[in-house]
$ cat start-v4.cif   # mmCIF, C-alpha atoms
data_query
loop_
_atom_site.label_atom_id
_atom_site.label_comp_id
_atom_site.auth_asym_id
_atom_site.auth_seq_id
_atom_site.Cartn_x
_atom_site.Cartn_y
_atom_site.Cartn_z
CA MET A 6 16.71 -7.54 21.71
CA ILE A 7 18.38 -4.70 19.80
CA ARG A 8 16.25 -5.46 16.76
CA ASP A 9 13.07 -5.20 18.79
CA ARG A 10 14.07 -1.89 20.33
CA LEU A 11 15.03 -0.52 16.92
CA MET A 12 11.73 -1.51 15.40
CA VAL A 13 9.79 -0.06 18.35
CA SER A 14 11.55 3.25 17.80
CA VAL A 15 10.69 3.11 14.12
CA ILE A 16 7.02 2.46 14.77
CA SER A 17 6.98 5.10 17.48
CA CYS A 18 7.85 7.66 14.84
CA GLY A 19 5.47 6.29 12.23
CA ILE A 20 8.40 5.39 10.00
CA LEU A 21 9.01 1.95 8.59
CA LEU A 22 12.71 2.23 7.97
CA ALA A 23 12.90 -1.22 6.46
CA VAL A 24 11.74 0.32 3.21
CA THR A 25 15.00 2.22 2.89
CA PHE A 26 17.45 -0.63 3.04
CA SER A 27 18.02 -1.88 -0.42
CA VAL A 28 21.56 -2.99 -0.98
CA ALA A 29 21.43 -3.73 -4.65
CA ALA A 30 18.98 -4.80 -7.31
CA ARG A 31 20.24 -8.35 -6.93
CA GLU A 32 21.42 -10.70 -4.23
CA PRO A 33 25.14 -11.09 -3.43
CA LYS A 34 25.16 -14.53 -5.04
CA LYS A 35 23.65 -15.26 -8.41
CA PRO A 36 20.86 -17.86 -8.27
CA VAL A 37 21.73 -21.24 -9.71
CA SER A 38 19.19 -23.26 -11.65
CA GLN A 39 19.33 -26.85 -12.84
CA LYS A 40 17.14 -25.76 -15.74
CA PRO A 41 19.42 -24.57 -18.57
CA GLU A 42 16.74 -22.26 -19.95
CA ALA A 43 16.26 -20.60 -16.57
CA GLN A 44 20.00 -20.26 -15.95
CA ALA A 45 20.51 -18.57 -19.30
CA LEU A 46 17.85 -16.01 -18.41
CA ILE A 47 19.37 -15.42 -14.97
CA ASP A 48 22.80 -14.92 -16.51
CA GLN A 49 21.38 -12.40 -18.96
CA ALA A 50 19.63 -10.45 -16.19
CA TRP A 51 22.81 -10.28 -14.12
CA ALA A 52 24.89 -9.21 -17.09
CA GLY A 53 22.66 -6.15 -17.50
CA LEU A 54 22.81 -5.25 -13.82
CA ASP A 55 26.58 -5.67 -13.90
CA GLU A 56 26.76 -2.78 -16.36
CA GLU A 57 24.57 -0.28 -14.54
CA MET A 58 21.86 0.24 -11.95
CA SER A 59 18.90 1.91 -13.64
CA LEU A 60 15.18 1.54 -14.24
CA LYS A 61 15.96 0.19 -17.68
CA THR A 62 18.21 -2.63 -16.48
CA ILE A 63 15.93 -3.44 -13.54
CA ASP A 64 12.93 -3.71 -15.87
CA GLN A 65 14.94 -5.95 -18.16
CA ALA A 66 16.00 -8.12 -15.22
CA ILE A 67 12.41 -8.45 -14.02
CA ALA A 68 11.20 -9.56 -17.45
CA LEU A 69 14.00 -12.11 -17.75
CA GLU A 70 13.63 -13.45 -14.24
CA GLU A 71 9.87 -13.79 -14.56
CA LYS A 72 10.51 -16.07 -17.54
CA ALA A 73 13.14 -17.94 -15.52
CA VAL A 74 10.66 -18.51 -12.70
CA LYS A 75 8.21 -20.03 -15.14
CA ALA A 76 10.92 -22.49 -16.18
CA ASP A 77 12.07 -23.15 -12.59
CA PRO A 78 9.13 -22.26 -10.29
CA ASN A 79 10.46 -23.86 -7.11
CA ASN A 80 13.87 -22.22 -7.04
CA ALA A 81 13.91 -20.35 -3.70
CA ASP A 82 16.99 -18.27 -4.53
CA LEU A 83 15.59 -17.22 -7.89
CA LEU A 84 12.29 -16.23 -6.31
CA ALA A 85 14.08 -14.17 -3.67
CA GLU A 86 16.12 -12.47 -6.40
CA LEU A 87 12.95 -11.55 -8.28
CA ALA A 88 11.42 -10.22 -5.03
CA ASP A 89 14.52 -8.01 -4.74
CA GLU A 90 14.01 -6.65 -8.25
CA TYR A 91 10.33 -5.90 -7.63
CA TRP A 92 11.21 -3.95 -4.50
CA GLN A 93 13.96 -2.00 -6.20
CA ARG A 94 11.66 -1.10 -9.09
CA GLY A 95 8.95 0.17 -6.78
CA ASP A 96 11.36 2.12 -4.62
CA LEU A 97 12.77 4.03 -7.59
CA MET A 98 9.31 5.31 -8.52
CA PRO A 99 8.02 8.75 -7.44
CA LYS A 100 6.14 9.17 -4.17
CA ASN A 101 4.57 12.59 -4.44
CA SER A 102 0.89 11.64 -4.50
CA ASP A 103 -1.58 8.95 -3.54
CA GLN A 104 -1.44 7.75 -7.14
CA ASP A 105 2.33 7.41 -6.88
CA TYR A 106 2.04 5.33 -3.73
CA ALA A 107 -0.56 3.12 -5.36
CA ALA A 108 1.75 2.50 -8.33
CA ARG A 109 4.68 1.71 -6.03
CA LYS A 110 2.53 -0.66 -4.00
CA VAL A 111 1.87 -2.82 -7.07
CA TYR A 112 5.55 -3.75 -7.23
CA PHE A 113 5.94 -4.09 -3.47
CA GLN A 114 2.99 -6.48 -3.33
CA LYS A 115 4.52 -8.53 -6.13
CA GLY A 116 7.75 -8.57 -4.16
CA LEU A 117 6.00 -9.70 -0.98
CA ASP A 118 4.10 -12.45 -2.77
CA THR A 119 7.28 -13.66 -4.49
CA ALA A 120 9.34 -13.62 -1.30
CA THR A 121 6.58 -15.55 0.47
CA ARG A 122 6.75 -18.16 -2.29
CA SER A 123 10.51 -18.34 -1.82
CA LEU A 124 10.17 -18.96 1.92
CA ALA A 125 7.58 -21.66 1.29
CA VAL A 126 10.24 -23.55 -0.69
CA LYS A 127 13.18 -22.88 1.66
CA GLU A 128 14.02 -20.47 4.46
CA THR A 129 16.87 -18.21 3.45
CA ALA A 130 18.18 -14.82 4.56
CA ALA A 131 17.21 -13.41 1.18
CA GLY A 132 13.67 -14.73 1.45
CA HIS A 133 13.23 -13.25 4.92
CA TYR A 134 14.87 -9.96 4.01
CA TRP A 135 12.78 -9.31 0.93
CA ALA A 136 9.60 -10.50 2.61
CA ALA A 137 10.19 -8.00 5.41
CA THR A 138 11.24 -5.15 3.15
CA ASN A 139 8.35 -5.57 0.74
CA LEU A 140 5.88 -5.99 3.61
CA ALA A 141 7.06 -2.73 5.14
CA SER A 142 6.90 -1.01 1.78
CA VAL A 143 3.39 -2.22 1.01
CA ASN A 144 2.39 -0.29 4.14
CA GLU A 145 4.65 2.74 3.60
CA ASN A 146 1.70 5.12 3.21
CA ALA A 147 -0.57 3.40 5.73
CA SER A 148 -1.58 4.72 9.14
CA ILE A 149 0.74 4.26 12.08
CA PHE A 150 -1.74 1.72 13.48
CA LYS A 151 -1.55 -0.37 10.33
CA GLN A 152 2.21 -0.09 10.35
CA ALA A 153 2.34 -1.14 13.98
CA SER A 154 0.19 -4.19 13.22
CA ILE A 155 2.94 -5.69 11.03
CA PHE A 156 5.71 -5.07 13.56
CA LEU A 157 5.77 -8.63 14.86
CA ASP A 158 6.14 -10.11 11.37
CA LEU A 159 8.95 -7.71 10.49
CA SER A 160 10.74 -8.48 13.71
CA LYS A 161 10.50 -12.23 13.11
CA HIS A 162 12.05 -11.89 9.66
CA MET A 163 14.90 -9.72 10.91
CA ASP A 164 15.55 -11.93 13.94
CA TRP A 165 15.85 -14.97 11.69
CA ILE A 166 18.50 -13.19 9.64
CA ASP A 167 20.43 -12.10 12.74
CA GLN A 168 20.41 -15.63 14.09
CA ASN A 169 21.15 -17.51 10.88
CA ALA A 170 23.04 -15.22 8.50
CA LYS A 171 25.19 -12.76 10.42
CA GLY A 172 26.72 -10.21 8.08
CA TYR A 173 24.07 -10.76 5.40
CA LYS A 174 24.37 -8.40 2.45
CA TYR A 175 27.70 -6.93 3.61
CA GLY A 176 26.26 -5.68 6.90
CA ALA A 177 22.58 -4.97 6.20
CA THR A 178 21.64 -4.99 9.88
CA ALA A 179 24.42 -2.52 10.63
CA ARG A 180 23.06 -0.16 8.00
CA PHE A 181 19.60 -0.64 9.46
CA SER A 182 20.65 0.41 12.95
CA SER A 183 22.67 3.32 11.59
CA GLU A 184 19.72 4.59 9.57
CA VAL A 185 17.51 4.39 12.65
CA SER A 186 19.98 6.64 14.46
CA VAL A 187 19.74 9.13 11.61
CA ARG A 188 15.99 9.01 11.02
CA VAL A 189 14.50 8.61 14.48
CA PRO A 190 14.42 11.67 16.80
CA GLY A 191 17.01 11.56 19.56
CA VAL A 192 14.42 11.65 22.30
CA VAL A 193 12.92 8.41 21.03
CA ILE A 194 16.36 6.80 20.73
CA LYS A 195 16.96 7.60 24.40
CA MET A 196 13.48 6.44 25.38
CA VAL A 197 14.02 2.97 23.93
CA GLY A 198 17.54 2.71 25.33
CA GLN A 199 19.45 2.87 22.09
CA ASP A 200 23.04 4.09 21.91
CA PRO A 201 23.79 5.70 18.54
CA ASN A 202 27.49 5.11 19.10
CA GLU A 203 26.85 1.37 19.40
CA ASN A 204 25.02 1.45 16.08
CA TYR A 205 27.92 3.36 14.54
CA GLU A 206 30.40 0.78 15.80
CA ARG A 207 28.39 -1.95 14.10
CA LEU A 208 28.64 -0.01 10.85
CA LYS A 209 32.41 0.37 11.28
CA ASP A 210 32.66 -3.38 11.80
CA ALA A 211 30.73 -3.94 8.56
CA ILE A 212 33.20 -1.71 6.70
CA ALA A 213 36.15 -3.55 8.23
CA THR A 214 34.65 -6.87 7.18
CA GLU A 215 34.02 -5.81 3.58
CA PRO A 216 35.79 -2.52 2.82
CA ARG A 217 35.07 -2.74 -0.91
CA PHE A 218 31.30 -2.24 -0.55
CA PHE A 219 30.63 1.46 -0.90
CA GLN A 220 27.15 1.77 0.59
CA ASN A 221 28.48 1.24 4.09
CA TYR A 222 30.61 4.36 3.65
CA THR A 223 27.69 6.51 2.49
CA TYR A 224 25.69 5.36 5.52
CA GLN A 225 28.67 6.20 7.70
CA ALA A 226 28.82 9.66 6.17
CA LYS A 227 25.10 10.21 6.80
CA PHE A 228 25.52 9.17 10.42
CA LEU A 229 28.45 11.54 10.94
CA TYR A 230 26.62 14.43 9.29
CA HIS A 231 23.58 13.77 11.47
CA GLN A 232 25.85 13.91 14.52
CA GLY A 233 27.06 17.36 13.48
CA LYS A 234 30.45 16.11 12.31
CA LYS A 235 30.36 17.68 8.87
CA ASP A 236 34.09 17.57 8.17
CA GLU A 237 34.30 13.88 9.07
CA ALA A 238 31.24 13.19 6.94
CA LEU A 239 32.79 14.95 3.97
CA ASN A 240 36.06 13.12 4.52
CA THR A 241 34.16 9.83 4.33
CA LEU A 242 32.48 10.89 1.09
CA ASP A 243 35.84 11.98 -0.26
CA GLN A 244 37.25 8.57 0.63
CA VAL A 245 34.57 6.63 -1.20
CA LEU A 246 34.68 8.93 -4.22
CA LYS A 247 38.40 8.26 -4.58
CA MET A 248 38.00 4.48 -4.35
CA ASP A 249 37.91 2.21 -7.38
CA PRO A 250 34.41 0.71 -7.84
CA ASN A 251 35.97 -2.09 -9.88
CA ALA A 252 37.85 -3.32 -6.81
CA PHE A 253 34.69 -5.28 -6.00
CA PRO A 254 33.78 -6.71 -9.42
CA GLU A 255 30.59 -8.39 -8.21
CA GLU A 256 29.22 -5.03 -7.04
CA ARG A 257 30.92 -2.55 -9.36
CA ALA A 258 27.66 -1.27 -10.84
CA TYR A 259 26.20 -0.64 -7.41
CA ASN A 260 29.45 0.89 -6.19
CA LYS A 261 29.23 3.37 -9.07
CA PHE A 262 25.63 4.06 -8.09
CA GLU A 263 26.75 4.78 -4.52
CA GLN A 264 29.46 7.12 -5.75
CA SER A 265 26.81 9.12 -7.61
CA ARG A 266 24.82 9.24 -4.37
CA ALA A 267 27.92 10.40 -2.51
CA ARG A 268 28.26 13.27 -4.97
CA GLN A 269 24.62 14.20 -4.33
CA TYR A 270 25.21 14.26 -0.57
CA TRP A 271 28.31 16.40 -1.09
CA LYS A 272 26.26 18.92 -3.07
CA GLU A 273 23.48 18.93 -0.48
CA TRP A 274 25.82 19.38 2.47
CA THR A 275 28.20 21.95 0.99
CA GLY A 276 26.18 23.65 -1.72
CA LYS A 277 29.13 23.01 -4.02
CA ASP A 278 30.21 20.37 -6.50
CA TYR A 279 32.75 17.83 -5.36
CA PRO A 280 35.57 18.34 -4.39
CA GLN A 281 34.95 21.97 -3.40
CA ARG A 282 33.98 22.65 0.20
#

$ encode --input "start-v4.cif" --output "structure tokens"
Amino acid sequence: MIRDRLMVSVISCGILLAVTFSVAAREPKKPVSQKPEAQALIDQAWAGLDEEMSLKTIDQAIALEEKAVKADPNNADLLAELADEYWQRGDLMPKNSDQDYAARKVYFQKGLDTATRSLAVKETAAGHYWAATNLASVNENASIFKQASIFLDLSKHMDWIDQNAKGYKYGATARFSSEVSVRVPGVVIKMVGQDPNENYERLKDAIATEPRFFQNYTYQAKFLYHQGKKDEALNTLDQVLKMDPNAFPEERAYNKFEQSRARQYWKEWTGKDYPQR
């Protein structure tokens, strides 16, 4: 399967790319609880993340959702949401030393444990996604042999999503394959029979399906830049920077976050501030 070949290429390079695929510090759909106390806490957490994506709002969301889980401990969607927040929090932390990796791992392990609890209640795409992502991240600084040992579990999670929730998170699997094309050396891509253009087409399909979600454009720009198509990459960044993040109200905070990332890429690739080339 494509997923298997992608993951083999990742392990071959000693890179667990699953740790790079956060879409947002919350799921596309807000968890619903039959417990009024829990729902009020969920609503409050989402209100903060609607305003901005930052360590402050993620920490606030974690604190609120931990309280919500105590009130509604068997809510699979809520548990998956909290696993998402734990991952996001860990991923935003520094990774310059062994101490940094140890601190990040605390959150990733919490995320893995919480996602596993979610799956024990009900199998969902969110539960599988955050179980896989946190599992990969727990082992981000491990040896290639340790990383390889979790390959089968990661593949099972991703295969479940592909089979049961196509298009999950506005094209998460398309972003995954695109990032592999960018991160994995070309010789390995050829060795495992991958076609970068096929991966790119999947990303284009994701954009066509949900054109208001900005992260797909930044991934597209990275792919084009990696292929040596600098002007096309910059044109893609220019496109997303001119778009209205409020056009997708549910993801406006994350769209703004992606626009800031697009500006960073522009600076890195041109040496100039946007819109100068």

$ closest_residue --input "start-v4.cif" --among "A:Tyr173, A:Trp135, A:Tyr259, A:Tyr91" --to "Lys115 (chain A)" --atoms "only C-alpha atoms"
A:Tyr91

$ resolve_selection --input "start-v4.cif" --expression "the PyMOL selection byres ((chain A and resi 262) around 10)" --output "number ranges by chain"
A: 29, 57-59, 219-220, 250, 256-261, 263-267

$ atom_distance --input "start-v4.cif" --atom1 "CA of Ala76 (chain A)" --atom2 "CA of Val37 (chain A)"
12.7 Å

$ residues_around --input "start-v4.cif" --residues "Pro33 (chain A)" --least-positions-apart "3" --cutoff "12 Å" --atoms "all atoms listed in the file" --output "PyMOL selection string"
chain A and resi 28-30+36+51+55+82+85-86+89+130-131+172-177+218+253-257+259

$ atom_distance --input "start-v4.cif" --atom1 "CA of Val245 (chain A)" --atom2 "CA of Ala213 (chain A)"
14.0 Å

$ residues_near_point --input "start-v4.cif" --point "(9.4, -13.5, -12.5)" --cutoff "9 Å" --atoms "only C-alpha atoms" --output "list in words"
Ala66, Ile67, Ala68, Leu69, Glu70, Glu71, Lys72, Ala73, Val74, Lys75, Leu83, Leu84, Leu87, Ala88 and Thr119 of chain A
